[in-house]
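Peer 1: Dumping the structure here so I can ask a few things about it.
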Amino acid sequence: MSAAVTPAPASQPPSLEKKPIKFSNLLLGAGLNMFEVTTLGQPLEVIKTTMAAHRGDGFTTALSRIWNRGGVLGFYQGLIPWAWIEASTKGAVLLFVASEAEYYARAAGASEFGGGIMGGVTGGVAQAYATMGFCTCMKTVEITKHKVAASGAKPPGTWATFMDIYRREGIRGINKGVNAVAIRQMTNWGSRFGLSRLAEQGIRQVTNKEHGEKLSPAEKILASALGGGLSAWNQPIEVIRVEMQSKKEDPNRPKKMTVGNTFKYIYQNNGLKGLYRGVTPRIGLGVWQTVCMVAMGDMAKTYVEKVTGEKVTAKH
């Protein structure tokens, strides 16, 4: 008499689980962004912004311009306080909002790729309007306010510049270009999270980890680097953002700059190449930011969970 053999159940992908919102996740996001901007982030940001504002400059010319402006410290112009304020707040907002949005998108039936895009888009828009508008504006102002220095006079300090803009233009002046920032962040993090997740899926297929097995740190970094580098496709909106926030003098610039008329102004004066000026440091910045926020973020969450025994809100 033969015994009935029960077939082994097929491996099931891990079920989607709603993680509790924890303050530790907000601190993690802020800490990762502070690390990113204080290391390679701000120098790449300064190079990218300088090239986007001075669209006739090549890479080496931009480096010389920055060095002549302040030596090594010239590459960290705008770091304190604007980049630190931006980093400490936007990292927390990004990971919190993106995590929640990605969960609900996945729960509604979105794929891992689609959920990553929705999480990145929602987190990017939230951070733009919550914290990034005035921070990016003030960083760009500091990087491009060369007129006073060129005349031989001492340029005004950080807070003096901020108060001068506020007195003359109010909140709108401080948040100039915020809509362009929102579009940039929406497309930035939608691409970065989505493409990183897509790269992760490809790596899982190649390495036979399609049933929820953890990726190695090297595999996560590779996926994040691919997502970050490929997300530089939206460089035109970054050039538009810089132009809208720049303090350079040009009588041909539109008096009231919008995303549309700024695009037209740049294209008429610099052509298609002008819209992609600064894309090389932008790719480097995108890779570094995404490695920090996606790969290091996931690895840091795993470490915190092991140490504390508690689950940290995670992206799925």
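Identifiers in this document derive from the order of the structure tokens: chains are assigned A, B, ..., residues are numbered from 1 separately in each chain, and ligands are numbered from 1 in order of occurrence.
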Would you pick out the contacts of Leu275 in chain A at 9 Å or less, using only C-alpha atoms, so that residues sharing its chain but fewer than 3 positions from it are not included, and give the list as a list of chain:residue names?

Peer 2: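 Listed by chain and then number, they are A:Ala52, A:Arg55, A:Gln235, A:Pro236, A:Ile237, A:Glu238, A:Val239, A:Ile240, A:Phe263, A:Ile266, A:Tyr267, A:Asn270, A:Gly271, A:Leu272, A:Gly278.
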
Peer 1: Name the residues in contact with Gly194 in chain A at a cut-off of 10 Å, using only C-alpha atoms, excluding same-chain residues fewer than 4 positions from it; report them as a PyMOL selection string.

Peer 2: chain A and resi 112-121+188-190+198-200+224+227-228+231

Peer 1: So that I can see what lies close to Val242 in chain A, please list as an mmCIF file with N, CA and C atoms, in the first residue's frame the residues with an atom at most 8 Å from it, counting only C-alpha atoms and leaving out residues fewer than 5 positions away in the same chain.

Peer 2:
data_model
loop_
_atom_site.group_PDB
_atom_site.id
_atom_site.type_symbol
_atom_site.label_atom_id
_atom_site.label_comp_id
_atom_site.auth_asym_id
_atom_site.auth_seq_id
_atom_site.Cartn_x
_atom_site.Cartn_y
_atom_site.Cartn_z
ATOM 1 N N THR A 49 25.460 73.174 -9.703
ATOM 2 C CA THR A 49 24.764 74.466 -9.729
ATOM 3 C C THR A 49 25.569 75.501 -10.480
ATOM 4 N N ALA A 52 25.185 74.815 -14.148
ATOM 5 C CA ALA A 52 23.830 75.124 -14.605
ATOM 6 C C ALA A 52 23.601 76.624 -14.690
ATOM 7 N N ALA A 53 24.249 77.393 -13.793
ATOM 8 C CA ALA A 53 24.083 78.849 -13.808
ATOM 9 C C ALA A 53 24.966 79.505 -14.861
ATOM 10 N N THR A 140 21.429 78.341 -3.829
ATOM 11 C CA THR A 140 21.704 78.839 -5.178
ATOM 12 C C THR A 140 22.103 80.302 -5.147
#

Peer 1: Residues within 8 Å of Leu226 in chain A, please, as an MDAnalysis selection string. Count only C-alpha atoms; anything in the same chain fewer than 4 positions from it doesn't count.

Peer 2: chainID A and resid 195:196 199 222 230 287

Peer 1: Using only all heavy atoms, please write the residues we just selected to a file, as a compact mmCIF listing (two decimals), in the first residue's frame.

Peer 2:
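Saved the output as selection21.txt:
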# COMPACT_ATOMS: atom_id res chain seq x y z
N LEU A 195 13.56 52.94 -10.27
CA LEU A 195 14.63 52.29 -11.02
C LEU A 195 15.50 51.42 -10.12
O LEU A 195 16.00 50.38 -10.54
CB LEU A 195 15.48 53.34 -11.74
CG LEU A 195 14.77 54.08 -12.89
CD1 LEU A 195 15.61 55.24 -13.39
CD2 LEU A 195 14.44 53.13 -14.03
N SER A 196 15.67 51.86 -8.87
CA SER A 196 16.43 51.04 -7.92
C SER A 196 15.71 49.73 -7.65
O SER A 196 16.32 48.65 -7.60
CB SER A 196 16.65 51.79 -6.60
OG SER A 196 17.49 52.92 -6.78
N ALA A 199 16.05 47.57 -10.70
CA ALA A 199 17.39 46.96 -10.72
C ALA A 199 17.48 45.83 -9.71
O ALA A 199 18.11 44.79 -9.97
CB ALA A 199 18.45 48.03 -10.43
N LEU A 222 24.78 48.40 -5.87
CA LEU A 222 24.73 48.37 -7.33
C LEU A 222 23.36 48.81 -7.83
O LEU A 222 23.25 49.63 -8.75
CB LEU A 222 25.05 46.96 -7.83
CG LEU A 222 24.90 46.75 -9.34
CD1 LEU A 222 25.85 47.67 -10.11
CD2 LEU A 222 25.15 45.28 -9.71
N LEU A 230 20.73 56.78 -13.52
CA LEU A 230 19.75 56.89 -14.61
C LEU A 230 18.71 57.97 -14.36
O LEU A 230 18.07 58.45 -15.30
CB LEU A 230 19.06 55.53 -14.81
CG LEU A 230 19.95 54.40 -15.34
CD1 LEU A 230 19.20 53.08 -15.32
CD2 LEU A 230 20.42 54.72 -16.76
N VAL A 287 23.90 59.21 -7.92
CA VAL A 287 24.39 57.91 -7.47
C VAL A 287 24.66 57.96 -5.97
O VAL A 287 24.21 57.08 -5.21
CB VAL A 287 25.66 57.50 -8.23
CG1 VAL A 287 26.32 56.29 -7.58
CG2 VAL A 287 25.33 57.20 -9.69

Peer 1: Among the residues of range 9-80 of chain A, find those DSSP assigns to alpha helix (DSSP H) from the backbone and print them as a PyMOL selection string.

Peer 2: chain A and resi 23-36+42-53+59-70

Peer 1: As an exercise, work out the distance from CA of Asn179 in chain A to CA of Tyr129 in chain A in Å and give it to one decimal place.

Peer 2: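 Result for CA of Asn179 in chain A versus CA of Tyr129 in chain A: 8.2 Å, one decimal.
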
Peer 1: Go through A:Asn269, A:Ala83, A:Gly286, A:Glu210 one by one, measure the shortest atom-to-atom distance of each to Asn252 in chain A using only C-alpha atoms, and give the residue with the smallest value.

Peer 2: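 Among the listed residues, the smallest separation from Asn252 in chain A belongs to A:Asn269.
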
Peer 1: Point out the residue among A:Gln268, A:Thr144, A:Val93, A:Tyr303 with the least atom-to-atom distance to Ile47 in chain A, counting only C-alpha atoms.

Peer 2: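 Result for the nearest residue to Ile47 in chain A: A:Thr144.
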